[in-house]
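The data block below is data-v6.cif; it holds mmCIF, C-alpha atoms.
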data_my_file
loop_
_atom_site.label_atom_id
_atom_site.label_comp_id
_atom_site.auth_asym_id
_atom_site.auth_seq_id
_atom_site.Cartn_x
_atom_site.Cartn_y
_atom_site.Cartn_z
CA MET A 1 0.00 0.00 0.00
CA ALA A 2 2.84 2.40 0.86
CA THR A 3 4.51 1.71 -2.49
CA PHE A 4 1.28 2.34 -4.38
CA ALA A 5 0.86 5.66 -2.61
CA LYS A 6 4.23 6.80 -3.96
CA LEU A 7 3.26 6.28 -7.59
CA ALA A 8 2.23 9.25 -9.72
CA ARG A 9 -1.46 10.03 -9.53
CA ARG A 10 -1.56 10.93 -13.23
CA ALA A 11 -0.41 7.38 -14.09
CA ILE A 12 -2.69 5.67 -11.57
CA GLU A 13 -5.72 7.62 -12.79
CA THR A 14 -5.01 6.96 -16.47
CA GLU A 15 -7.19 4.28 -18.05
CA THR A 16 -5.64 0.84 -18.42
CA PRO A 17 -4.83 0.40 -22.14
CA VAL A 18 -7.65 -1.62 -23.64
CA MET A 19 -5.27 -3.34 -26.07
CA VAL A 20 -3.21 -4.62 -23.14
CA GLN A 21 -6.38 -6.13 -21.70
CA ILE A 22 -7.25 -7.65 -25.07
CA GLN A 23 -3.75 -9.11 -25.48
CA GLN A 24 -4.04 -10.70 -22.04
CA LEU A 25 -7.41 -12.14 -23.04
CA LEU A 26 -5.98 -13.55 -26.28
CA ARG A 27 -3.05 -15.19 -24.49
CA GLY A 28 -5.45 -17.16 -22.35
CA ILE A 29 -7.59 -18.55 -25.20
CA LYS A 30 -6.10 -21.03 -27.63
CA GLY A 31 -7.24 -20.63 -31.23
CA ALA A 32 -8.99 -17.27 -30.85
CA ILE A 33 -8.95 -14.93 -33.87
CA SER A 34 -8.58 -11.21 -33.30
CA LEU A 35 -10.74 -8.54 -34.90
CA ALA A 36 -9.57 -6.18 -32.19
CA GLN A 37 -6.32 -4.37 -32.91
CA GLY A 38 -6.21 -1.71 -35.60
CA VAL A 39 -3.64 -3.23 -37.94
CA VAL A 40 -3.42 -4.14 -41.62
CA TYR A 41 -2.48 -7.51 -43.04
CA TRP A 42 0.20 -6.27 -45.46
CA GLN A 43 3.88 -5.43 -45.03
CA PRO A 44 5.77 -2.43 -46.44
CA PRO A 45 6.50 -2.37 -50.18
CA ASP A 46 8.95 -5.09 -51.25
CA HIS A 47 11.36 -2.66 -52.88
CA ALA A 48 11.49 -0.58 -49.69
CA LEU A 49 12.30 -3.61 -47.54
CA GLU A 50 15.03 -4.60 -49.98
CA LYS A 51 16.56 -1.12 -50.05
CA VAL A 52 16.56 -0.77 -46.27
CA LYS A 53 18.80 -3.83 -46.02
CA GLU A 54 21.52 -1.78 -47.66
CA VAL A 55 21.61 0.81 -44.87
CA VAL A 56 21.88 -1.62 -41.94
CA TRP A 57 25.68 -1.49 -42.03
CA GLN A 58 25.99 2.25 -42.55
CA PRO A 59 27.44 3.88 -39.40
CA SER A 60 24.84 6.67 -39.56
CA THR A 61 22.06 4.11 -39.03
CA SER A 62 23.36 3.45 -35.52
CA GLN A 63 23.79 7.12 -34.65
CA TYR A 64 21.32 9.73 -33.48
CA GLY A 65 19.72 11.71 -36.25
CA PRO A 66 18.25 15.23 -36.24
CA ASP A 67 15.49 15.48 -33.63
CA GLU A 68 12.96 16.66 -36.19
CA GLY A 69 13.70 13.84 -38.64
CA LEU A 70 16.04 13.05 -41.52
CA PRO A 71 16.18 16.05 -43.87
CA GLU A 72 15.48 13.97 -46.97
CA LEU A 73 12.40 12.38 -45.35
CA ARG A 74 11.08 15.73 -44.17
CA GLU A 75 11.58 17.16 -47.65
CA ALA A 76 9.68 14.24 -49.19
CA LEU A 77 6.89 14.63 -46.65
CA THR A 78 6.62 18.37 -47.26
CA GLU A 79 6.15 17.63 -50.94
CA LYS A 80 3.59 14.93 -50.16
CA LEU A 81 1.63 17.29 -47.91
CA ARG A 82 1.48 19.90 -50.67
CA ARG A 83 0.60 17.47 -53.43
CA GLU A 84 -1.90 15.21 -51.67
CA ASN A 85 -3.20 17.13 -48.66
CA LYS A 86 -3.13 20.72 -49.99
CA LEU A 87 -1.11 21.82 -46.96
CA PHE A 88 1.24 24.55 -48.20
CA ASN A 89 2.25 26.33 -45.00
CA SER A 90 3.15 23.47 -42.68
CA SER A 91 6.45 22.42 -41.16
CA VAL A 92 7.19 18.74 -40.50
CA MET A 93 8.48 16.76 -37.54
CA VAL A 94 8.96 12.98 -37.78
CA THR A 95 7.94 11.01 -34.69
CA ALA A 96 7.92 7.44 -33.41
CA GLY A 97 4.36 6.85 -34.58
CA ALA A 98 1.22 8.97 -34.47
CA ASN A 99 0.59 8.22 -30.79
CA GLN A 100 3.91 9.80 -29.87
CA ALA A 101 3.09 12.69 -32.18
CA PHE A 102 -0.12 13.30 -30.23
CA VAL A 103 1.70 13.22 -26.88
CA ASN A 104 4.23 15.70 -28.29
CA ILE A 105 1.41 18.06 -29.22
CA VAL A 106 -0.39 17.77 -25.88
CA LEU A 107 2.84 18.49 -23.98
CA THR A 108 3.61 21.43 -26.27
CA LEU A 109 0.18 23.07 -26.18
CA CYS A 110 -1.52 22.13 -22.90
CA ASP A 111 -0.96 22.72 -19.19
CA PRO A 112 -2.55 20.83 -16.27
CA GLY A 113 -5.85 22.52 -15.59
CA ASP A 114 -6.54 23.35 -19.23
CA TYR A 115 -9.80 22.22 -20.79
CA VAL A 116 -9.73 20.08 -23.93
CA VAL A 117 -12.45 18.74 -26.21
CA MET A 118 -12.91 15.42 -27.97
CA PHE A 119 -15.95 13.65 -29.38
CA ALA A 120 -17.47 10.27 -28.52
CA PRO A 121 -16.73 7.71 -29.62
CA TYR A 122 -13.12 8.84 -29.17
CA TYR A 123 -9.75 7.23 -29.79
CA PHE A 124 -8.82 5.66 -26.46
CA ASN A 125 -5.09 6.44 -26.70
CA ALA A 126 -5.80 10.14 -27.23
CA TYR A 127 -7.96 10.14 -24.11
CA MET A 128 -5.19 8.40 -22.17
CA SER A 129 -2.61 10.91 -23.46
CA PHE A 130 -4.59 13.72 -21.87
CA GLN A 131 -4.93 11.84 -18.60
CA MET A 132 -1.27 10.88 -18.42
CA THR A 133 -0.07 14.43 -19.02
CA GLY A 134 -2.26 15.81 -16.25
CA ILE A 135 -5.09 17.13 -18.43
CA THR A 136 -8.16 16.06 -16.46
CA ASN A 137 -10.69 18.62 -17.74
CA ILE A 138 -11.73 16.56 -20.76
CA LEU A 139 -15.03 17.67 -22.30
CA VAL A 140 -16.49 14.86 -24.39
CA GLY A 141 -18.87 16.08 -27.04
CA PRO A 142 -21.64 14.09 -28.72
CA GLY A 143 -21.58 12.68 -32.20
CA ASN A 144 -24.54 12.76 -34.54
CA PRO A 145 -26.61 9.65 -33.63
CA LYS A 146 -26.95 8.66 -37.29
CA THR A 147 -23.52 9.54 -38.68
CA LEU A 148 -21.33 9.69 -35.53
CA GLN A 149 -19.83 12.88 -36.98
CA PRO A 150 -18.89 15.59 -34.40
CA ASP A 151 -21.74 17.85 -33.32
CA ALA A 152 -20.54 21.27 -34.49
CA ASP A 153 -23.44 23.10 -32.85
CA TRP A 154 -22.45 21.65 -29.47
CA LEU A 155 -18.82 22.57 -30.14
CA GLU A 156 -19.68 26.17 -30.98
CA LYS A 157 -21.74 26.57 -27.85
CA THR A 158 -19.10 24.89 -25.69
CA LEU A 159 -16.13 26.90 -27.00
CA LEU A 160 -17.90 30.25 -26.92
CA GLU A 161 -19.68 29.83 -23.59
CA ASN A 162 -17.30 27.70 -21.52
CA LYS A 163 -14.99 29.65 -19.25
CA PRO A 164 -12.11 29.19 -19.43
CA THR A 165 -12.18 28.50 -23.15
CA PRO A 166 -10.88 25.00 -23.97
CA LYS A 167 -7.30 25.09 -25.21
CA LEU A 168 -7.53 22.26 -27.72
CA VAL A 169 -10.07 20.35 -29.79
CA THR A 170 -9.15 17.02 -31.38
CA VAL A 171 -10.83 14.84 -33.99
CA VAL A 172 -9.82 11.73 -35.93
CA ASN A 173 -10.68 11.73 -39.64
CA PRO A 174 -11.66 9.14 -40.75
CA GLY A 175 -12.64 7.97 -37.32
CA ASN A 176 -11.20 5.50 -34.88
CA PRO A 177 -13.23 3.73 -33.49
CA SER A 178 -16.24 4.93 -35.48
CA GLY A 179 -15.15 4.09 -39.04
CA THR A 180 -16.99 7.21 -40.24
CA TYR A 181 -15.48 10.35 -41.73
CA ILE A 182 -15.82 14.12 -41.43
CA PRO A 183 -16.91 15.73 -44.73
CA GLU A 184 -14.90 18.78 -45.80
CA PRO A 185 -17.67 21.36 -45.08
CA LEU A 186 -18.04 20.06 -41.51
CA LEU A 187 -14.27 19.97 -40.99
CA LYS A 188 -14.01 23.57 -42.17
CA ARG A 189 -16.82 24.61 -39.85
CA ILE A 190 -15.08 22.96 -36.90
CA SER A 191 -11.90 24.78 -37.90
CA ASP A 192 -13.71 28.12 -38.10
CA ILE A 193 -15.28 27.61 -34.67
CA CYS A 194 -11.88 26.82 -33.14
CA ARG A 195 -10.26 29.86 -34.77
CA GLN A 196 -13.04 32.16 -33.58
CA ALA A 197 -12.71 30.84 -30.02
CA GLY A 198 -8.90 30.90 -30.01
CA ALA A 199 -8.58 27.13 -29.61
CA TRP A 200 -6.15 24.76 -31.30
CA LEU A 201 -7.55 22.10 -33.61
CA VAL A 202 -5.59 18.83 -33.78
CA VAL A 203 -6.65 16.46 -36.57
CA ASP A 204 -5.44 12.85 -36.63
CA ASN A 205 -5.26 11.77 -40.28
CA THR A 206 -3.83 8.29 -39.66
CA TYR A 207 -6.41 6.72 -41.98
CA GLU A 208 -6.28 9.36 -44.72
CA TYR A 209 -6.00 6.72 -47.47
CA PHE A 210 -8.68 4.44 -46.05
CA MET A 211 -11.80 5.78 -47.76
CA TYR A 212 -14.44 3.68 -49.50
CA ASP A 213 -17.36 3.93 -51.91
CA GLY A 214 -16.07 7.03 -53.67
CA LEU A 215 -15.67 9.16 -50.52
CA LYS A 216 -12.71 11.57 -50.33
CA HIS A 217 -10.50 12.55 -47.41
CA SER A 218 -9.62 16.22 -46.95
CA CYS A 219 -7.35 18.29 -44.70
CA VAL A 220 -7.60 21.85 -43.42
CA GLU A 221 -4.76 24.24 -42.70
CA GLY A 222 -4.41 27.33 -40.54
CA ASP A 223 -2.39 29.08 -37.87
CA HIS A 224 -4.42 27.20 -35.24
CA ILE A 225 -4.34 23.72 -36.84
CA VAL A 226 -2.02 20.77 -36.30
CA ASN A 227 -2.33 17.71 -38.55
CA LEU A 228 -1.01 14.28 -37.55
CA PHE A 229 -0.15 11.45 -39.95
CA SER A 230 1.16 7.90 -39.76
CA PHE A 231 3.01 5.33 -41.86
CA SER A 232 1.72 2.47 -39.71
CA LYS A 233 -1.46 1.49 -41.51
CA ALA A 234 -0.95 2.88 -45.02
CA TYR A 235 2.39 1.18 -45.54
CA GLY A 236 1.99 -1.73 -43.11
CA MET A 237 4.68 -0.27 -40.85
CA MET A 238 3.01 -0.78 -37.46
CA GLY A 239 6.13 -2.16 -35.75
CA TRP A 240 8.50 0.31 -37.38
CA ARG A 241 6.87 3.24 -35.53
CA VAL A 242 6.94 6.26 -37.84
CA GLY A 243 4.48 9.13 -37.81
CA TYR A 244 4.75 12.85 -38.44
CA ILE A 245 3.37 16.20 -37.39
CA ALA A 246 2.44 18.98 -39.82
CA TYR A 247 2.30 22.16 -37.76
CA PRO A 248 1.80 25.79 -38.83
CA SER A 249 5.07 27.33 -40.00
CA SER A 250 3.75 30.74 -39.01
CA ALA A 251 3.14 29.85 -35.34
CA GLU A 252 5.90 31.70 -33.52
CA GLY A 253 8.02 29.48 -31.27
CA PHE A 254 5.96 26.37 -31.98
CA GLY A 255 8.80 24.37 -33.54
CA ALA A 256 11.30 25.28 -30.84
CA GLN A 257 8.99 24.15 -28.04
CA LEU A 258 8.06 21.00 -29.95
CA LEU A 259 11.75 20.14 -30.26
CA LYS A 260 12.14 20.25 -26.46
CA VAL A 261 9.46 17.59 -26.10
CA GLN A 262 10.85 15.48 -28.93
CA ASP A 263 14.37 15.55 -27.50
CA ASN A 264 13.13 14.24 -24.17
CA ILE A 265 10.99 11.38 -25.48
CA PRO A 266 12.62 9.59 -28.45
CA ILE A 267 15.38 12.16 -29.30
CA CYS A 268 14.58 11.07 -32.85
CA ALA A 269 12.56 8.37 -34.54
CA SER A 270 14.51 5.22 -35.38
CA ILE A 271 16.90 5.96 -38.25
CA ILE A 272 16.33 2.68 -40.05
CA SER A 273 12.58 3.14 -39.71
CA GLN A 274 12.83 6.62 -41.21
CA ARG A 275 14.80 5.17 -44.12
CA LEU A 276 12.09 2.58 -44.70
CA ALA A 277 9.47 5.34 -44.59
CA LEU A 278 11.40 7.30 -47.21
CA TYR A 279 11.69 4.30 -49.52
CA SER A 280 8.03 3.41 -48.99
CA LEU A 281 6.98 6.87 -50.16
CA GLU A 282 8.41 5.95 -53.55
CA ALA A 283 5.57 3.44 -53.96
CA GLY A 284 3.10 6.28 -53.59
CA SER A 285 -0.61 6.49 -52.96
CA GLU A 286 -1.41 4.16 -55.85
CA TRP A 287 0.29 1.26 -54.04
CA ILE A 288 -1.73 2.01 -50.91
CA ALA A 289 -5.01 2.35 -52.83
CA THR A 290 -4.58 -1.13 -54.31
CA LYS A 291 -4.13 -2.58 -50.82
CA VAL A 292 -7.02 -0.63 -49.32
CA GLN A 293 -9.45 -1.82 -51.98
CA THR A 294 -8.82 -5.41 -50.89
CA LEU A 295 -10.43 -4.51 -47.56
CA VAL A 296 -13.87 -3.86 -49.06
CA LYS A 297 -14.76 -7.56 -49.17
CA ARG A 298 -13.56 -8.00 -45.58
CA ARG A 299 -15.64 -5.02 -44.49
CA ASN A 300 -18.72 -6.52 -46.14
CA LEU A 301 -18.10 -9.92 -44.56
CA LEU A 302 -17.97 -8.37 -41.10
CA ARG A 303 -20.91 -6.08 -41.69
CA ASP A 304 -22.91 -9.21 -42.47
CA ALA A 305 -21.47 -10.85 -39.34
CA LEU A 306 -22.88 -7.97 -37.29
CA SER A 307 -26.32 -8.23 -38.93
CA PRO A 308 -27.94 -10.13 -36.03
CA LEU A 309 -27.74 -6.83 -34.12
CA GLY A 310 -29.94 -5.15 -36.73
CA GLU A 311 -29.10 -2.79 -39.58
CA GLU A 312 -29.60 0.37 -37.51
CA ALA A 313 -27.11 -0.87 -34.93
CA ILE A 314 -24.20 -0.95 -37.38
CA LYS A 315 -22.22 2.21 -38.17
CA GLY A 316 -18.89 2.92 -39.85
CA GLY A 317 -17.13 1.30 -42.74
CA GLU A 318 -17.02 4.59 -44.66
CA GLY A 319 -13.40 5.09 -43.76
CA ALA A 320 -10.57 3.70 -41.64
CA ILE A 321 -10.74 -0.05 -40.89
CA TYR A 322 -13.57 -0.20 -38.37
CA LEU A 323 -17.21 -1.03 -37.89
CA TRP A 324 -18.99 0.20 -34.78
CA ALA A 325 -22.05 -1.64 -33.53
CA LYS A 326 -24.58 -1.25 -30.73
CA LEU A 327 -25.34 -4.28 -28.57
CA PRO A 328 -28.89 -5.05 -27.38
CA ASP A 329 -30.03 -2.59 -24.69
CA HIS A 330 -29.91 -5.14 -21.88
CA LEU A 331 -26.22 -5.86 -22.57
CA SER A 332 -24.60 -2.62 -21.45
CA ASP A 333 -21.55 -4.43 -20.00
CA ASP A 334 -19.71 -4.61 -23.31
CA PHE A 335 -16.49 -5.96 -21.82
CA SER A 336 -18.34 -8.99 -20.50
CA VAL A 337 -19.73 -9.54 -24.00
CA VAL A 338 -16.20 -9.28 -25.44
CA GLN A 339 -14.93 -11.86 -22.95
CA TRP A 340 -17.86 -14.16 -23.68
CA LEU A 341 -17.36 -13.94 -27.46
CA ALA A 342 -13.69 -14.73 -26.99
CA ARG A 343 -14.15 -17.72 -24.70
CA ARG A 344 -17.24 -19.26 -26.25
CA HIS A 345 -16.83 -18.35 -29.93
CA LEU A 346 -13.07 -17.74 -30.23
CA VAL A 347 -13.34 -14.28 -31.77
CA VAL A 348 -12.11 -11.06 -30.15
CA VAL A 349 -13.37 -7.49 -30.60
CA ILE A 350 -12.94 -4.21 -28.69
CA PRO A 351 -15.44 -3.04 -26.04
CA GLY A 352 -16.95 0.33 -26.91
CA SER A 353 -16.69 1.59 -23.33
CA ALA A 354 -12.95 2.04 -23.89
CA SER A 355 -13.88 4.79 -26.38
CA GLY A 356 -16.70 6.42 -24.45
CA GLY A 357 -19.34 4.23 -26.09
CA PRO A 358 -20.64 1.73 -23.51
CA GLY A 359 -22.87 -1.01 -24.83
CA ARG A 360 -21.06 -1.08 -28.18
CA ILE A 361 -18.22 -2.95 -29.86
CA ARG A 362 -15.53 -2.04 -32.37
CA VAL A 363 -14.61 -4.52 -35.09
CA SER A 364 -11.47 -4.14 -37.21
CA PHE A 365 -11.50 -5.51 -40.76
CA GLY A 366 -7.90 -4.65 -41.64
CA GLY A 367 -5.69 -7.22 -40.00
CA LEU A 368 -6.62 -10.62 -41.38
CA LYS A 369 -5.97 -12.44 -44.60
CA GLU A 370 -9.20 -13.15 -46.45
CA GLU A 371 -9.55 -16.79 -45.40
CA ASP A 372 -9.01 -15.94 -41.75
CA CYS A 373 -11.44 -13.04 -42.02
CA GLU A 374 -14.12 -15.38 -43.35
CA THR A 375 -13.55 -17.71 -40.40
CA ALA A 376 -13.68 -14.83 -37.92
CA ALA A 377 -16.84 -13.43 -39.52
CA GLY A 378 -18.54 -16.81 -39.23
CA ARG A 379 -17.66 -17.08 -35.56
CA LEU A 380 -18.78 -13.53 -34.82
CA LYS A 381 -22.12 -13.97 -36.59
CA LYS A 382 -22.81 -17.23 -34.80
CA GLY A 383 -21.91 -15.64 -31.47
CA LEU A 384 -24.13 -12.61 -32.02
CA GLU A 385 -27.05 -14.75 -33.16
CA GLU A 386 -26.76 -16.71 -29.93
CA LEU A 387 -26.36 -13.52 -27.94
CA VAL A 388 -29.49 -11.93 -29.40
CA CYS A 389 -31.63 -15.06 -29.11
CA HIS A 390 -30.44 -16.59 -25.86
CA GLY A 391 -28.08 -14.17 -24.12
CA MET A 392 -24.62 -15.09 -22.89
CA VAL A 393 -25.02 -18.85 -22.57
CA THR A 394 -22.17 -20.24 -20.49
CA GLU A 395 -22.74 -23.99 -20.30
#

Represent the structure contained in this file as C-alpha cells.
Amino acid sequence: MATFAKLARRAIETETPVMVQIQQLLRGIKGAISLAQGVVYWQPPDHALEKVKEVVWQPSTSQYGPDEGLPELREALTEKLRRENKLFNSSVMVTAGANQAFVNIVLTLCDPGDYVVMFAPYYFNAYMSFQMTGITNILVGPGNPKTLQPDADWLEKTLLENKPTPKLVTVVNPGNPSGTYIPEPLLKRISDICRQAGAWLVVDNTYEYFMYDGLKHSCVEGDHIVNLFSFSKAYGMMGWRVGYIAYPSSAEGFGAQLLKVQDNIPICASIISQRLALYSLEAGSEWIATKVQTLVKRRNLLRDALSPLGEEAIKGGEGAIYLWAKLPDHLSDDFSVVQWLARRHLVVVIPGSASGGPGRIRVSFGGLKEEDCETAAGRLKKGLEELVCHGMVTE
C-alpha cells in the first residue's frame, strides 16, 4: 500500500490500455482470432524492404539523427503534404508513430488545468494521453446519432460559452473507433469555430488513405491547426513506428517548443525506420489504394457478421478499418460480451466503453488475410445470433 501511494497520480488515474487487456485475453484462449487491434495484413513495399537492407551497415544508421527527422524524409513529406493534402504552409516533424506525435502536441500546447475537447466515440489512446499528461478537464462532445460525426453546434456553444475557453479540440478523420469520416464542409466549420474561439484544432489523419465507396478525405490548414499522420497502416509499418506532425510554419516558437518535447521522449525516430518510410513513399498512394481496396470484401463480410444486431445498430465502414455496432439494450456491460465472445466463440473485438461508447463494440477488418477473415466473420455472426436469441449462454 505504501509503495502504491508513492506512484504518480496521473499514471494511476489513467485508463488501463484496452489493447493490453485484449492481449491478455488472447493469451489465455487457444485458437482465438482477433478482430480487435487496428492493424493491416500487409507489409511495407517489397522494394522498400530490400533497399533498407543496404543501410543496416551504414554507421549513420546506428547514430542519433536530427530530432525533427532526416532532412530527406522531411523534404519528401513536405512535398507529399502539398501534393496530396493541400497543406502549403506546414512544417514537418517525424515522430515514433502517431501516438507519440499526439503526446508531443499535448505536452507542447496544454498545461494541467486546461480544458480540452474530444468527441465520442473517441480514440482511447488520445484520451489516455490527456490523462497521463495531467489534463483532467476533458469535455467529451456528442456525435450525430446517425452519422457519428462531431456535433458542431455543441462545439460552438461549448467553446464560446465555456470559461475558461478549452485550449484544444481534437478529432480523428476518418474515425477511430467509429469508421466514419468528417466531410470537408463540416471539418471547415469545426476549424472556423476553433479559430473564432482561439482554440487549437488537432486532426489525426492516420487513416487518410482508407476511404471507400467514392468518398474523399480532406485536410484543413491554418495558424491554429495541427495535422497528424502515420506510416503504420498505409504502408503496413506498425512495428517500425513512424508518424509525423504537420504544424503551422507561421506559429511563432511552436517548432522550438516541440523540439524540447521530442528531444526528451525519443530524441529522434529510429533511423532505419525513417529510411524505410522514405523508400516506402516511392511506392506512392497508388500502391496504398490497391491494398485498401482489398479490404472492401472484408468489411462486407464483417458487416454481415454484425447483422444479427440489426441494420440500424451498425455504423462505420465509410473510412478507416472499423465497424462500430450497438449491442442489445440489456447488454450494457460490453467488456463482459467481449470476454464471452472470446471464450465461447473464439473471436475477439474491442469493447466500446474504452472509447466512451458503452454497450457497443468495435470490429477491425484490416488485420486478417481473407480466409481468416471469413472464419472470424462466421464465428462472430454465430456468437451474435446466440447472444441476441439466448443471451450469454455459459454452459

message: Here is a test: counting only C-alpha atoms, which residue of A:Arg362, A:His330, A:Lys53, A:Lys157 is nearest to Gly175 (chain A)?
response: A:Arg362

message: What's the separation between CA of Trp240 (chain A) and CA of Asn89 (chain A), in Å to one decimal place?
response: 27.8 Å

field: Hits from the PyMOL selection byres ((chain A and resi 346) around 12), listed as a ChimeraX atom specification
entry: /A:25-35,338-345,347-349,375-383

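For the set A:Val116, A:Leu295, A:Leu107, A:Met128, the residue with the smallest atom-to-atom gap to Lys163 (chain A) is A:Val116, counting only C-alpha atoms.
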
- request: Evaluate the PyMOL selection byres ((chain A and resi 81) around 12) and record the selected residues as a PyMOL selection string, following the chain and residue labels used in the document.
  value: chain A and resi 74-80+82-92+205+208+218-221+227-229+244-247+281

Those residues you just picked out, can you put them in a file as a PDB file, in the coordinates of the input with C-alpha atoms?
ATOM      1  CA  ARG A  74      11.080  15.730 -44.170  1.00  0.00           C
ATOM      2  CA  GLU A  75      11.580  17.160 -47.650  1.00  0.00           C
ATOM      3  CA  ALA A  76       9.680  14.240 -49.190  1.00  0.00           C
ATOM      4  CA  LEU A  77       6.890  14.630 -46.650  1.00  0.00           C
ATOM      5  CA  THR A  78       6.620  18.370 -47.260  1.00  0.00           C
ATOM      6  CA  GLU A  79       6.150  17.630 -50.940  1.00  0.00           C
ATOM      7  CA  LYS A  80       3.590  14.930 -50.160  1.00  0.00           C
ATOM      8  CA  ARG A  82       1.480  19.900 -50.670  1.00  0.00           C
ATOM      9  CA  ARG A  83       0.600  17.470 -53.430  1.00  0.00           C
ATOM     10  CA  GLU A  84      -1.900  15.210 -51.670  1.00  0.00           C
ATOM     11  CA  ASN A  85      -3.200  17.130 -48.660  1.00  0.00           C
ATOM     12  CA  LYS A  86      -3.130  20.720 -49.990  1.00  0.00           C
ATOM     13  CA  LEU A  87      -1.110  21.820 -46.960  1.00  0.00           C
ATOM     14  CA  PHE A  88       1.240  24.550 -48.200  1.00  0.00           C
ATOM     15  CA  ASN A  89       2.250  26.330 -45.000  1.00  0.00           C
ATOM     16  CA  SER A  90       3.150  23.470 -42.680  1.00  0.00           C
ATOM     17  CA  SER A  91       6.450  22.420 -41.160  1.00  0.00           C
ATOM     18  CA  VAL A  92       7.190  18.740 -40.500  1.00  0.00           C
ATOM     19  CA  ASN A 205      -5.260  11.770 -40.280  1.00  0.00           C
ATOM     20  CA  GLU A 208      -6.280   9.360 -44.720  1.00  0.00           C
ATOM     21  CA  SER A 218      -9.620  16.220 -46.950  1.00  0.00           C
ATOM     22  CA  CYS A 219      -7.350  18.290 -44.700  1.00  0.00           C
ATOM     23  CA  VAL A 220      -7.600  21.850 -43.420  1.00  0.00           C
ATOM     24  CA  GLU A 221      -4.760  24.240 -42.700  1.00  0.00           C
ATOM     25  CA  ASN A 227      -2.330  17.710 -38.550  1.00  0.00           C
ATOM     26  CA  LEU A 228      -1.010  14.280 -37.550  1.00  0.00           C
ATOM     27  CA  PHE A 229      -0.150  11.450 -39.950  1.00  0.00           C
ATOM     28  CA  TYR A 244       4.750  12.850 -38.440  1.00  0.00           C
ATOM     29  CA  ILE A 245       3.370  16.200 -37.390  1.00  0.00           C
ATOM     30  CA  ALA A 246       2.440  18.980 -39.820  1.00  0.00           C
ATOM     31  CA  TYR A 247       2.300  22.160 -37.760  1.00  0.00           C
ATOM     32  CA  LEU A 281       6.980   6.870 -50.160  1.00  0.00           C
TER      33      LEU A 281
END

query: For Tyr115 (chain A), which residue among A:Phe130, A:Phe102, A:Phe254, A:Tyr279 is the nearest when counting only C-alpha atoms?
result: A:Phe130

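Nearest to Pro44 (chain A) of all the residues A:Ile321, A:Ala354, A:Ile288, A:Leu187 is A:Ile288, counting all atoms listed in the file.
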
field: Surrounding residues of Lys291 (chain A) excluding itself and chain neighbours under 6 positions, 10 Å, only C-alpha atoms, as a list in words
entry: Val40, Tyr41, Trp42, Phe210, Ala234, Tyr235, Gly236 and Ser285 of chain A

message: Running the PyMOL selection byres ((chain A and resi 113) around 12) on this model by hand, what would come out? Give it as JSON, numbers by chain.
response: {"A": [110, 111, 112, 114, 115, 116, 130, 131, 133, 134, 135, 136, 137, 138, 164, 165, 166, 167]}

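Using all atoms listed in the file, the smallest distance between any of A:Val296, A:Glu371, A:Lys188, A:Ser129 and Arg10 (chain A) comes from A:Ser129.
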
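The closest residue to Ala96 (chain A), picked from A:Gly198, A:Gly359, A:Gly214, A:Gly69 and counting only C-alpha atoms, is A:Gly69.
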
- request: Within 9 Å of Ile105 (chain A), counting only C-alpha atoms, which residues show up once you throw out same-chain ones fewer than 3 positions away? Write them as an NGL selection string, please.
  value: :A and (100-102 or 108-110 or 202 or 226 or 245 or 258 or 261)

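Atom to atom, CA of Ala152 (chain A) and CA of Ala320 (chain A) stand 21.4 Å apart.
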
Contact residues around Pro121 (chain A) with all atoms listed in the file at 10 Å, ignoring same-chain residues under 3 positions, as a compact mmCIF listing (two decimals) with C-alpha atoms, keeping the file's coordinate frame:
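As written to disk, around-v3.txt reads:
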# COMPACT_ATOMS: atom_id res chain seq x y z
CA MET A 118 -12.91 15.42 -27.97
CA PHE A 124 -8.82 5.66 -26.46
CA VAL A 140 -16.49 14.86 -24.39
CA GLY A 141 -18.87 16.08 -27.04
CA PRO A 142 -21.64 14.09 -28.72
CA GLY A 143 -21.58 12.68 -32.20
CA LEU A 148 -21.33 9.69 -35.53
CA GLN A 149 -19.83 12.88 -36.98
CA PRO A 150 -18.89 15.59 -34.40
CA GLY A 175 -12.64 7.97 -37.32
CA ASN A 176 -11.20 5.50 -34.88
CA PRO A 177 -13.23 3.73 -33.49
CA SER A 178 -16.24 4.93 -35.48
CA TRP A 324 -18.99 0.20 -34.78
CA GLY A 352 -16.95 0.33 -26.91
CA SER A 353 -16.69 1.59 -23.33
CA ALA A 354 -12.95 2.04 -23.89
CA SER A 355 -13.88 4.79 -26.38
CA GLY A 356 -16.70 6.42 -24.45
CA GLY A 357 -19.34 4.23 -26.09
CA PRO A 358 -20.64 1.73 -23.51
CA ARG A 360 -21.06 -1.08 -28.18

Skipping near chain neighbours, those fewer than 3 positions away, what residues fall within 7 Å of Ser230 (chain A) using all atoms listed in the file, listed as a tab-separated table (two decimals) with C-alpha atoms, keeping the file's coordinate frame?
chain	number	residue	atom	x	y	z
A	97	GLY	CA	4.36	6.85	-34.58
A	98	ALA	CA	1.22	8.97	-34.47
A	206	THR	CA	-3.83	8.29	-39.66
A	242	VAL	CA	6.94	6.26	-37.84
A	243	GLY	CA	4.48	9.13	-37.81
A	244	TYR	CA	4.75	12.85	-38.44

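Omitting Leu387 (chain A) and its sequence neighbours fewer than 5 positions away, and counting only C-alpha atoms, the residues within 9 Å are Pro308, Pro328, Val337, Lys382, Met392 and Val393 of chain A.
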
message: Quick check, in Å to one decimal: how far apart do CA of Asp204 (chain A) and CA of Leu155 (chain A) lie?
response: 17.8 Å
